[in-house]
Structures are given as structure tokens and as C-alpha cells.
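Q: So here's start-v8.cif (mmCIF, C-alpha atoms, pLDDT in the B column; chains and numbers go by the auth columns).
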data_query
#
loop_
_atom_site.group_PDB
_atom_site.id
_atom_site.type_symbol
_atom_site.label_atom_id
_atom_site.label_comp_id
_atom_site.label_asym_id
_atom_site.label_seq_id
_atom_site.Cartn_x
_atom_site.Cartn_y
_atom_site.Cartn_z
_atom_site.B_iso_or_equiv
_atom_site.auth_seq_id
_atom_site.auth_asym_id
ATOM 1 C CA MET A 1 131.557 111.419 85.818 30.00 1 A
ATOM 2 C CA VAL A 2 128.434 113.495 86.412 31.00 2 A
ATOM 3 C CA MET A 3 125.278 113.432 84.326 29.00 3 A
ATOM 4 C CA VAL A 4 122.443 115.943 84.744 31.00 4 A
ATOM 5 C CA THR A 5 119.123 115.770 82.928 29.00 5 A
ATOM 6 C CA LYS A 6 116.067 117.995 83.240 32.00 6 A
ATOM 7 C CA LYS A 7 112.590 116.655 83.768 32.00 7 A
ATOM 8 C CA GLN A 8 109.763 118.845 82.460 29.00 8 A
ATOM 9 C CA GLY A 9 106.384 118.852 84.162 31.00 9 A
ATOM 10 C CA LYS A 10 104.419 120.226 87.086 37.00 10 A
ATOM 11 C CA ASP A 11 107.504 121.373 88.925 41.00 11 A
ATOM 12 C CA GLU A 12 107.940 124.178 86.381 37.00 12 A
ATOM 13 C CA GLN A 13 104.645 125.666 87.541 35.00 13 A
ATOM 14 C CA GLN A 14 106.128 126.248 90.971 44.00 14 A
ATOM 15 C CA LYS A 15 108.283 129.203 92.019 48.00 15 A
ATOM 16 C CA TYR A 16 111.358 126.992 91.851 49.00 16 A
ATOM 17 C CA GLN A 17 112.940 125.050 89.015 54.00 17 A
ATOM 18 C CA GLN A 18 114.111 121.534 89.683 55.00 18 A
ATOM 19 C CA GLN A 19 116.772 119.487 87.929 53.00 19 A
ATOM 20 C CA ARG A 20 116.581 115.766 88.415 50.00 20 A
ATOM 21 C CA ASP A 21 118.744 112.690 88.128 49.00 21 A
ATOM 22 C CA LEU A 22 122.128 114.148 88.895 57.00 22 A
ATOM 23 C CA HIS A 23 124.371 111.122 89.053 60.00 23 A
ATOM 24 C CA ASN A 24 127.536 111.961 90.921 59.00 24 A
ATOM 25 C CA ARG A 25 130.257 109.326 90.763 59.00 25 A
ATOM 26 C CA VAL A 26 132.408 109.221 93.883 59.00 26 A
ATOM 27 C CA SER A 27 135.264 107.049 95.080 55.00 27 A
ATOM 28 C CA ARG A 28 135.227 103.265 94.659 65.00 28 A
ATOM 29 C CA GLY A 29 132.686 103.426 91.854 79.00 29 A
ATOM 30 C CA ILE A 30 129.776 104.673 93.975 86.00 30 A
ATOM 31 C CA THR A 31 127.165 106.760 92.169 89.00 31 A
ATOM 32 C CA LEU A 32 124.851 109.143 94.028 91.00 32 A
ATOM 33 C CA ASP A 33 121.387 110.248 92.944 92.00 33 A
ATOM 34 C CA ALA A 34 120.560 113.886 93.648 92.00 34 A
ATOM 35 C CA ARG A 35 118.063 116.681 93.000 93.00 35 A
ATOM 36 C CA ILE A 36 118.803 120.348 92.415 94.00 36 A
ATOM 37 C CA TYR A 37 116.220 122.952 93.432 94.00 37 A
ATOM 38 C CA ARG A 38 116.772 126.302 91.747 91.00 38 A
ATOM 39 C CA PRO A 39 114.941 129.606 92.207 89.00 39 A
ATOM 40 C CA ALA A 40 112.687 130.625 89.348 78.00 40 A
ATOM 41 C CA ALA A 41 114.255 133.056 86.900 67.00 41 A
ATOM 42 C CA GLY A 42 114.442 136.493 88.453 61.00 42 A
ATOM 43 C CA HIS A 43 113.844 135.204 91.992 63.00 43 A
ATOM 44 C CA SER A 44 117.444 134.501 92.969 61.00 44 A
ATOM 45 C CA GLU A 45 118.727 136.554 95.895 59.00 45 A
ATOM 46 C CA HIS A 46 121.595 138.571 94.420 57.00 46 A
ATOM 47 C CA GLN A 47 123.699 138.504 97.579 67.00 47 A
ATOM 48 C CA ASN A 48 123.363 134.700 97.768 75.00 48 A
ATOM 49 C CA ALA A 49 123.538 133.925 94.055 72.00 49 A
ATOM 50 C CA LYS A 50 126.758 131.945 94.530 89.00 50 A
ATOM 51 C CA LEU A 51 125.619 130.179 97.724 95.00 51 A
ATOM 52 C CA VAL A 52 124.302 126.612 97.558 97.00 52 A
ATOM 53 C CA VAL A 53 122.631 124.761 100.430 98.00 53 A
ATOM 54 C CA VAL A 54 123.519 121.049 100.517 98.00 54 A
ATOM 55 C CA LEU A 55 121.053 119.025 102.598 98.00 55 A
ATOM 56 C CA VAL A 56 121.982 115.681 104.186 98.00 56 A
ATOM 57 C CA HIS A 57 119.082 113.345 104.955 97.00 57 A
ATOM 58 C CA PRO A 58 118.423 111.293 108.133 92.00 58 A
ATOM 59 C CA TYR A 59 119.846 107.850 108.934 89.00 59 A
ATOM 60 C CA SER A 60 119.877 105.612 105.862 86.00 60 A
ATOM 61 C CA VAL A 61 119.675 102.411 107.910 86.00 61 A
ATOM 62 C CA LEU A 62 116.310 103.486 109.358 88.00 62 A
ATOM 63 C CA GLY A 63 114.842 104.558 106.032 82.00 63 A
ATOM 64 C CA GLY A 64 116.247 108.063 105.638 86.00 64 A
ATOM 65 C CA PHE A 65 116.265 109.359 102.064 93.00 65 A
ATOM 66 C CA GLN A 66 116.469 112.659 100.222 95.00 66 A
ATOM 67 C CA GLY A 67 112.694 112.956 99.842 92.00 67 A
ATOM 68 C CA LEU A 68 112.518 113.870 103.544 95.00 68 A
ATOM 69 C CA MET A 69 114.439 117.057 102.707 97.00 69 A
ATOM 70 C CA ARG A 70 112.262 118.038 99.748 96.00 70 A
ATOM 71 C CA GLY A 71 110.020 120.452 101.621 97.00 71 A
ATOM 72 C CA ILE A 72 112.931 122.439 103.023 98.00 72 A
ATOM 73 C CA ALA A 73 114.725 122.430 99.651 97.00 73 A
ATOM 74 C CA ARG A 74 111.620 123.733 97.901 95.00 74 A
ATOM 75 C CA GLY A 75 111.134 126.364 100.571 96.00 75 A
ATOM 76 C CA LEU A 76 114.704 127.571 100.141 96.00 76 A
ATOM 77 C CA ALA A 77 114.278 127.758 96.365 94.00 77 A
ATOM 78 C CA ASP A 78 111.075 129.746 96.874 93.00 78 A
ATOM 79 C CA ARG A 79 113.179 132.212 98.858 93.00 79 A
ATOM 80 C CA GLY A 80 115.762 132.602 96.112 92.00 80 A
ATOM 81 C CA LEU A 81 118.369 129.999 97.082 94.00 81 A
ATOM 82 C CA THR A 82 119.737 126.986 95.236 94.00 82 A
ATOM 83 C CA ALA A 83 119.470 123.746 97.220 96.00 83 A
ATOM 84 C CA VAL A 84 120.777 120.231 96.593 96.00 84 A
ATOM 85 C CA THR A 85 119.425 117.026 98.111 96.00 85 A
ATOM 86 C CA PHE A 86 120.872 113.579 97.471 95.00 86 A
ATOM 87 C CA ASP A 87 120.547 109.959 98.488 94.00 87 A
ATOM 88 C CA MET A 88 123.601 108.742 100.334 94.00 88 A
ATOM 89 C CA ARG A 89 125.189 105.451 99.327 94.00 89 A
ATOM 90 C CA GLY A 90 122.863 102.464 99.421 93.00 90 A
ATOM 91 C CA VAL A 91 119.690 104.568 99.325 94.00 91 A
ATOM 92 C CA GLY A 92 117.274 104.829 96.394 91.00 92 A
ATOM 93 C CA LYS A 93 119.151 104.908 93.096 90.00 93 A
ATOM 94 C CA SER A 94 122.502 105.551 94.767 92.00 94 A
ATOM 95 C CA THR A 95 124.834 102.584 94.619 90.00 95 A
ATOM 96 C CA GLY A 96 126.969 101.102 97.384 91.00 96 A
ATOM 97 C CA ARG A 97 126.032 100.078 100.899 91.00 97 A
ATOM 98 C CA ALA A 98 125.022 102.255 103.843 93.00 98 A
ATOM 99 C CA SER A 99 127.310 102.170 106.883 90.00 99 A
ATOM 100 C CA LEU A 100 126.175 101.946 110.504 86.00 100 A
ATOM 101 C CA THR A 101 128.299 104.829 111.784 85.00 101 A
ATOM 102 C CA GLY A 102 128.012 107.194 108.810 84.00 102 A
ATOM 103 C CA PHE A 103 131.737 107.615 108.242 90.00 103 A
ATOM 104 C CA ALA A 104 131.624 106.247 104.690 89.00 104 A
ATOM 105 C CA GLU A 105 128.828 108.702 103.947 93.00 105 A
ATOM 106 C CA VAL A 106 131.046 111.667 104.840 95.00 106 A
ATOM 107 C CA ASP A 107 132.789 111.032 101.503 93.00 107 A
ATOM 108 C CA ASP A 108 129.392 111.323 99.802 94.00 108 A
ATOM 109 C CA VAL A 109 128.807 114.749 101.344 95.00 109 A
ATOM 110 C CA VAL A 110 132.261 115.971 100.343 94.00 110 A
ATOM 111 C CA SER A 111 131.761 114.711 96.796 92.00 111 A
ATOM 112 C CA VAL A 112 128.406 116.460 96.352 94.00 112 A
ATOM 113 C CA CYS A 113 129.826 119.718 97.717 95.00 113 A
ATOM 114 C CA LYS A 114 132.765 119.551 95.323 93.00 114 A
ATOM 115 C CA TRP A 115 130.379 118.829 92.464 92.00 115 A
ATOM 116 C CA ALA A 116 128.306 121.872 93.414 93.00 116 A
ATOM 117 C CA CYS A 117 131.395 124.071 93.344 94.00 117 A
ATOM 118 C CA LEU A 118 132.410 122.858 89.892 90.00 118 A
ATOM 119 C CA ASN A 119 129.005 122.616 88.241 90.00 119 A
ATOM 120 C CA LEU A 120 126.749 125.086 90.048 91.00 120 A
ATOM 121 C CA SER A 121 129.400 127.807 90.386 89.00 121 A
ATOM 122 C CA ALA A 122 129.030 127.601 94.161 93.00 122 A
ATOM 123 C CA GLN A 123 131.476 129.914 95.877 94.00 123 A
ATOM 124 C CA ARG A 124 129.877 129.383 99.291 97.00 124 A
ATOM 125 C CA ILE A 125 128.132 126.309 100.685 98.00 125 A
ATOM 126 C CA LEU A 126 125.871 125.936 103.686 98.00 126 A
ATOM 127 C CA LEU A 127 125.832 122.344 104.936 98.00 127 A
ATOM 128 C CA LEU A 128 122.632 121.187 106.612 98.00 128 A
ATOM 129 C CA GLY A 129 122.117 117.814 108.254 97.00 129 A
ATOM 130 C CA SER A 130 118.922 116.348 109.664 97.00 130 A
ATOM 131 C CA SER A 131 118.996 113.777 112.498 95.00 131 A
ATOM 132 C CA ALA A 132 121.850 111.331 111.735 92.00 132 A
ATOM 133 C CA GLY A 133 122.609 113.474 108.704 95.00 133 A
ATOM 134 C CA ALA A 134 123.760 116.161 111.141 96.00 134 A
ATOM 135 C CA PRO A 135 126.838 114.299 112.470 95.00 135 A
ATOM 136 C CA ILE A 136 127.661 113.113 108.951 97.00 136 A
ATOM 137 C CA ALA A 137 127.484 116.663 107.581 97.00 137 A
ATOM 138 C CA GLY A 138 129.387 117.939 110.606 96.00 138 A
ATOM 139 C CA SER A 139 132.305 115.644 109.867 95.00 139 A
ATOM 140 C CA ALA A 140 132.515 117.076 106.341 97.00 140 A
ATOM 141 C CA VAL A 141 132.413 120.787 107.250 97.00 141 A
ATOM 142 C CA ASP A 142 136.153 121.386 107.482 97.00 142 A
ATOM 143 C CA GLN A 143 136.948 119.153 104.514 97.00 143 A
ATOM 144 C CA ILE A 144 135.474 121.696 102.078 97.00 144 A
ATOM 145 C CA ASP A 145 136.923 125.212 102.008 96.00 145 A
ATOM 146 C CA GLU A 146 133.761 126.633 100.446 97.00 146 A
ATOM 147 C CA VAL A 147 131.579 125.623 103.404 98.00 147 A
ATOM 148 C CA VAL A 148 130.845 128.843 105.291 98.00 148 A
ATOM 149 C CA GLY A 149 128.318 127.564 107.811 98.00 149 A
ATOM 150 C CA TYR A 150 126.536 124.537 109.240 99.00 150 A
ATOM 151 C CA VAL A 151 122.965 123.876 110.360 99.00 151 A
ATOM 152 C CA SER A 152 121.940 120.864 112.442 98.00 152 A
ATOM 153 C CA LEU A 153 118.319 119.781 112.740 98.00 153 A
ATOM 154 C CA GLY A 154 118.061 117.383 115.675 96.00 154 A
ATOM 155 C CA TYR A 155 121.716 116.394 116.169 95.00 155 A
ATOM 156 C CA PRO A 156 121.698 113.053 118.078 93.00 156 A
ATOM 157 C CA PHE A 157 124.023 113.917 120.967 92.00 157 A
ATOM 158 C CA GLY A 158 122.275 111.575 123.418 81.00 158 A
ATOM 159 C CA PHE A 159 124.013 108.617 125.053 80.00 159 A
ATOM 160 C CA THR A 160 122.405 105.834 123.005 83.00 160 A
ATOM 161 C CA ALA A 161 122.829 107.616 119.671 78.00 161 A
ATOM 162 C CA SER A 162 126.427 108.412 120.592 86.00 162 A
ATOM 163 C CA ILE A 163 127.245 104.702 120.473 84.00 163 A
ATOM 164 C CA LEU A 164 126.911 105.015 116.697 83.00 164 A
ATOM 165 C CA PHE A 165 127.717 108.665 116.071 87.00 165 A
ATOM 166 C CA GLY A 166 129.874 109.755 119.005 77.00 166 A
ATOM 167 C CA ARG A 167 133.079 109.784 116.970 89.00 167 A
ATOM 168 C CA HIS A 168 131.578 112.480 114.735 92.00 168 A
ATOM 169 C CA HIS A 169 131.134 114.985 117.584 95.00 169 A
ATOM 170 C CA LYS A 170 134.714 116.237 117.712 93.00 170 A
ATOM 171 C CA ALA A 171 134.804 117.396 114.082 95.00 171 A
ATOM 172 C CA ILE A 172 131.903 119.826 114.296 96.00 172 A
ATOM 173 C CA LEU A 173 132.543 120.958 117.868 96.00 173 A
ATOM 174 C CA GLN A 174 136.132 121.903 116.992 97.00 174 A
ATOM 175 C CA SER A 175 135.247 123.594 113.708 98.00 175 A
ATOM 176 C CA PRO A 176 135.635 127.395 113.812 98.00 176 A
ATOM 177 C CA LYS A 177 132.887 127.826 111.224 98.00 177 A
ATOM 178 C CA PRO A 178 129.504 129.308 112.297 98.00 178 A
ATOM 179 C CA LYS A 179 127.032 126.714 113.511 99.00 179 A
ATOM 180 C CA LEU A 180 123.289 126.602 114.245 99.00 180 A
ATOM 181 C CA PHE A 181 121.767 123.734 116.228 98.00 181 A
ATOM 182 C CA VAL A 182 117.973 123.397 116.046 98.00 182 A
ATOM 183 C CA MET A 183 116.205 120.877 118.283 98.00 183 A
ATOM 184 C CA GLY A 184 112.787 120.154 119.746 98.00 184 A
ATOM 185 C CA THR A 185 112.599 120.332 123.529 98.00 185 A
ATOM 186 C CA ARG A 186 111.044 116.835 123.491 97.00 186 A
ATOM 187 C CA ASP A 187 113.556 115.433 121.021 96.00 187 A
ATOM 188 C CA GLY A 188 113.747 112.019 122.675 94.00 188 A
ATOM 189 C CA PHE A 189 117.279 111.224 121.484 94.00 189 A
ATOM 190 C CA THR A 190 118.966 114.261 123.026 95.00 190 A
ATOM 191 C CA SER A 191 117.854 116.252 126.066 96.00 191 A
ATOM 192 C CA VAL A 192 118.162 120.023 126.218 97.00 192 A
ATOM 193 C CA SER A 193 120.795 119.681 128.952 96.00 193 A
ATOM 194 C CA GLN A 194 122.806 117.212 126.851 95.00 194 A
ATOM 195 C CA LEU A 195 122.748 119.649 123.930 96.00 195 A
ATOM 196 C CA GLU A 196 123.794 122.577 126.099 97.00 196 A
ATOM 197 C CA ASN A 197 126.599 120.615 127.765 95.00 197 A
ATOM 198 C CA LYS A 198 128.004 119.478 124.425 94.00 198 A
ATOM 199 C CA LEU A 199 127.943 122.968 122.947 97.00 199 A
ATOM 200 C CA LYS A 200 129.858 124.444 125.898 95.00 200 A
ATOM 201 C CA THR A 201 133.007 123.100 124.257 93.00 201 A
ATOM 202 C CA ALA A 202 132.158 124.256 120.729 97.00 202 A
ATOM 203 C CA ALA A 203 134.609 126.505 118.901 97.00 203 A
ATOM 204 C CA GLY A 204 133.578 129.516 116.850 96.00 204 A
ATOM 205 C CA ARG A 205 130.146 131.128 116.740 98.00 205 A
ATOM 206 C CA THR A 206 127.534 128.632 117.885 98.00 206 A
ATOM 207 C CA GLN A 207 123.798 129.319 118.022 98.00 207 A
ATOM 208 C CA THR A 208 120.918 127.195 119.263 98.00 208 A
ATOM 209 C CA HIS A 209 117.195 127.332 118.606 98.00 209 A
ATOM 210 C CA LEU A 210 114.810 125.186 120.645 98.00 210 A
ATOM 211 C CA VAL A 211 111.358 124.346 119.293 98.00 211 A
ATOM 212 C CA GLU A 212 109.104 124.099 122.331 97.00 212 A
ATOM 213 C CA GLY A 213 107.237 120.838 122.905 97.00 213 A
ATOM 214 C CA VAL A 214 108.316 119.201 119.651 97.00 214 A
ATOM 215 C CA SER A 215 109.768 115.696 119.305 97.00 215 A
ATOM 216 C CA HIS A 216 112.588 114.520 117.057 96.00 216 A
ATOM 217 C CA PHE A 217 110.384 113.006 114.373 94.00 217 A
ATOM 218 C CA GLN A 218 107.796 115.776 114.552 94.00 218 A
ATOM 219 C CA MET A 219 110.455 118.310 113.647 95.00 219 A
ATOM 220 C CA GLU A 220 111.455 116.164 110.665 91.00 220 A
ATOM 221 C CA GLY A 221 107.872 116.322 109.400 92.00 221 A
ATOM 222 C CA PRO A 222 106.489 118.675 106.738 94.00 222 A
ATOM 223 C CA ALA A 223 104.551 120.720 109.304 96.00 223 A
ATOM 224 C CA TYR A 224 107.828 122.291 110.438 97.00 224 A
ATOM 225 C CA ASP A 225 109.482 122.769 107.043 97.00 225 A
ATOM 226 C CA GLY A 226 108.439 126.418 106.835 97.00 226 A
ATOM 227 C CA GLN A 227 109.823 127.188 110.279 97.00 227 A
ATOM 228 C CA MET A 228 113.095 125.447 109.429 98.00 228 A
ATOM 229 C CA VAL A 229 113.386 127.461 106.201 98.00 229 A
ATOM 230 C CA ASN A 230 112.917 130.717 108.118 98.00 230 A
ATOM 231 C CA LEU A 231 115.632 129.748 110.603 98.00 231 A
ATOM 232 C CA ILE A 232 118.013 128.778 107.804 98.00 232 A
ATOM 233 C CA ILE A 233 117.421 132.032 105.921 97.00 233 A
ATOM 234 C CA GLU A 234 118.007 134.046 109.095 97.00 234 A
ATOM 235 C CA PHE A 235 121.232 132.146 109.776 98.00 235 A
ATOM 236 C CA ILE A 236 122.478 132.656 106.216 97.00 236 A
ATOM 237 C CA SER A 237 121.887 136.394 106.523 95.00 237 A
ATOM 238 C CA SER A 238 124.298 136.432 109.478 95.00 238 A
ATOM 239 C CA LEU A 239 127.165 134.773 107.601 93.00 239 A
#
Rewrite the structure of this file - the entire thing - as C-alpha cells.
A:
Amino acid sequence: MVMVTKKQGKDEQQKYQQQRDLHNRVSRGITLDARIYRPAAGHSEHQNAKLVVVLVHPYSVLGGFQGLMRGIARGLADRGLTAVTFDMRGVGKSTGRASLTGFAEVDDVVSVCKWACLNLSAQRILLLGSSAGAPIAGSAVDQIDEVVGYVSLGYPFGFTASILFGRHHKAILQSPKPKLFVMGTRDGFTSVSQLENKLKTAAGRTQTHLVEGVSHFQMEGPAYDGQMVNLIIEFISSL
């Protein structure tokens, strides 16, 4: 069961329109809380009218939540795209319990994407994951036919992070779907050489963009939201 209600207020003064409190019931009785960011009337890009960007937030166990993706979602809506953010299980108003490795959360991503197809008339989906959200989103890419591309912001390929997320690598590296990996050169969790070595084995079209001198958590911050939006828009135009 899915319930969507609109909240009136300051958001309507912006270039985007936002729907709140989308409760998406998934398997085993888990309910997810989400936000939908829509372009203002007349601002939707015609060629991408049926494309929805689903954003997956950073690691729940370390405090990741959908609010960290708000700036990018708003920026995408300002540019004429519909974007969806959501709290994975155990975060905010979403029920259930967060997992350490993120495999349970893959079901959350799949569920939100399927909901977007049924209720937002999404014919194409771009999956975007930030930090630990990147491996989680990557494991969902080939489980949804409508996903046409994938964007990673700071994928944790490094040795220590791979203890938790290493089993996710295979899914995205073997996917034939177009992929964009964005990372700061001072990421801290993954070195540039580790990223490059991992992507040597990637199937399909794989692009990288390195942000010079920027750390992992800096790139997650609002100061870089505009740059991330530009990169996402450019990638979408190539699909």
C-alpha cells in the first residue's frame, strides 16, 4: 500500500514542487518514507518527462538519511527532472532495522523504483547512490528493467570499506548499463588508483569524474550539490 499526501507551504514558491510523506510498503511489512521533487509546471524537460531520478542516501548506520540528498534533488527539479529521495529501512519514519552490509536495503531501492514506475509513470529511471548508497544502488541496477543508467558519488571501493560492501561490487561492475563514477581525489575511503583498478573490469560504458582536492565528506556537502547536478544532467543527456 502506498499513500501520498501533499504539503502546502514555502516549497511552492520554489521552481520545483514537492510531494511529501510517500509511504511505500515493501516486503515483510516495512514502510519507507520518501519525498518527491517535481519540476514546476511548464519546466519539465520534454525529452526526460518520463525519466525519474531515484537517489539513495549514505550509510544508515552512520547517520545517513534522505535529507542529505535534498540539495541534489532540488537542483534536478530546478532543471526539469523529477527526483525521489527516501529513507531506507530503520531511518527516520521508515520502519524496520538497518543492516550492516546494505543487502536488505537493496530491496528498498527496488521497491521505490517499482513504485515510481507505477505511480509516477516512469518509463526510465536513473539510479544514483551516495557513499554507501552507491553499492546498495549498484546491486539494484539490473533488478529493474526501467533503470537506464547509474551514478555513483564516492563509491567506497577501498579495502576497509570493502569488508562491509565488497560483495556489492560484482553487481555493478558486471552490469552492461551506462555508469558514471564521481569521486574526490582526496576521498579517504578509496584512492584514485583503487577506483581505476576496479573499473578496469567494468562492463558496458563506464565514465569517471574526479573532483580535484576534495574529500569524501566534502563532496557529500551542499557546497558541491550544484556541481553534482551538472554532472548528472550531462550524463543523462548521453543516455
Q: How many Å lie between atom CA of A:Leu55 and atom CA of A:Tyr150, rounded to one decimal?
A: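 So the two atoms, atom CA of A:Leu55 and atom CA of A:Tyr150, lie 10.2 Å apart.
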Q: Show me, as a compact mmCIF listing (two decimals) with C-alpha atoms, in the coordinates of the input, the residues that have an atom within 7 Å of stretch 124-138 of chain A when counting all atoms listed in the file, minus same-chain residues fewer than 2 positions from it.
A:
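Saved as result_22.txt:
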# COMPACT_ATOMS: atom_id res chain seq x y z
CA LYS A 50 126.76 131.94 94.53
CA LEU A 51 125.62 130.18 97.72
CA VAL A 52 124.30 126.61 97.56
CA VAL A 53 122.63 124.76 100.43
CA VAL A 54 123.52 121.05 100.52
CA LEU A 55 121.05 119.02 102.60
CA VAL A 56 121.98 115.68 104.19
CA HIS A 57 119.08 113.34 104.96
CA PRO A 58 118.42 111.29 108.13
CA TYR A 59 119.85 107.85 108.93
CA GLY A 102 128.01 107.19 108.81
CA PHE A 103 131.74 107.62 108.24
CA GLU A 105 128.83 108.70 103.95
CA VAL A 106 131.05 111.67 104.84
CA VAL A 109 128.81 114.75 101.34
CA ALA A 122 129.03 127.60 94.16
CA ALA A 140 132.51 117.08 106.34
CA VAL A 141 132.41 120.79 107.25
CA GLU A 146 133.76 126.63 100.45
CA VAL A 147 131.58 125.62 103.40
CA VAL A 148 130.84 128.84 105.29
CA GLY A 149 128.32 127.56 107.81
CA TYR A 150 126.54 124.54 109.24
CA VAL A 151 122.96 123.88 110.36
CA SER A 152 121.94 120.86 112.44
CA LEU A 153 118.32 119.78 112.74
CA GLY A 154 118.06 117.38 115.68
CA TYR A 155 121.72 116.39 116.17
CA PRO A 156 121.70 113.05 118.08
CA PHE A 165 127.72 108.66 116.07
CA HIS A 168 131.58 112.48 114.74
CA HIS A 169 131.13 114.98 117.58
CA ALA A 171 134.80 117.40 114.08
CA ILE A 172 131.90 119.83 114.30
Q: Go through A:Asp87, A:Asp33, A:Asp187, A:Glu234 one by one, measure the shortest atom-to-atom distance of each to A:Gln207 using all atoms listed in the file, and give the residue with the smallest value.
A: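 The closest residue to A:Gln207 is A:Glu234.
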Q: What is the atom CA of A:Phe86-atom CA of A:Leu118 distance in Å, reported with one decimal?
A: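 The value is 16.6 Å.
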Q: Counting all atoms listed in the file, figure out which residue out of A:Gly158, A:Ala104, A:Ile232, A:His209 gets nearest to A:Ala83.
A: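 Ranking A:Gly158, A:Ala104, A:Ile232, A:His209 by distance to A:Ala83, first place goes to A:Ile232.
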Q: Quick one: pull the distance between atom CA of A:Thr185 and atom CA of A:Gly213, Å, one decimal.
A: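 These atoms are spaced 5.4 Å apart.
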Q: The PyMOL selection byres ((chain A and resi 190-198) around 10) on the file shown: which residues, as a ChimeraX atom specification?
A: /A:154-162,169,173,181-189,199-202,208,210,216
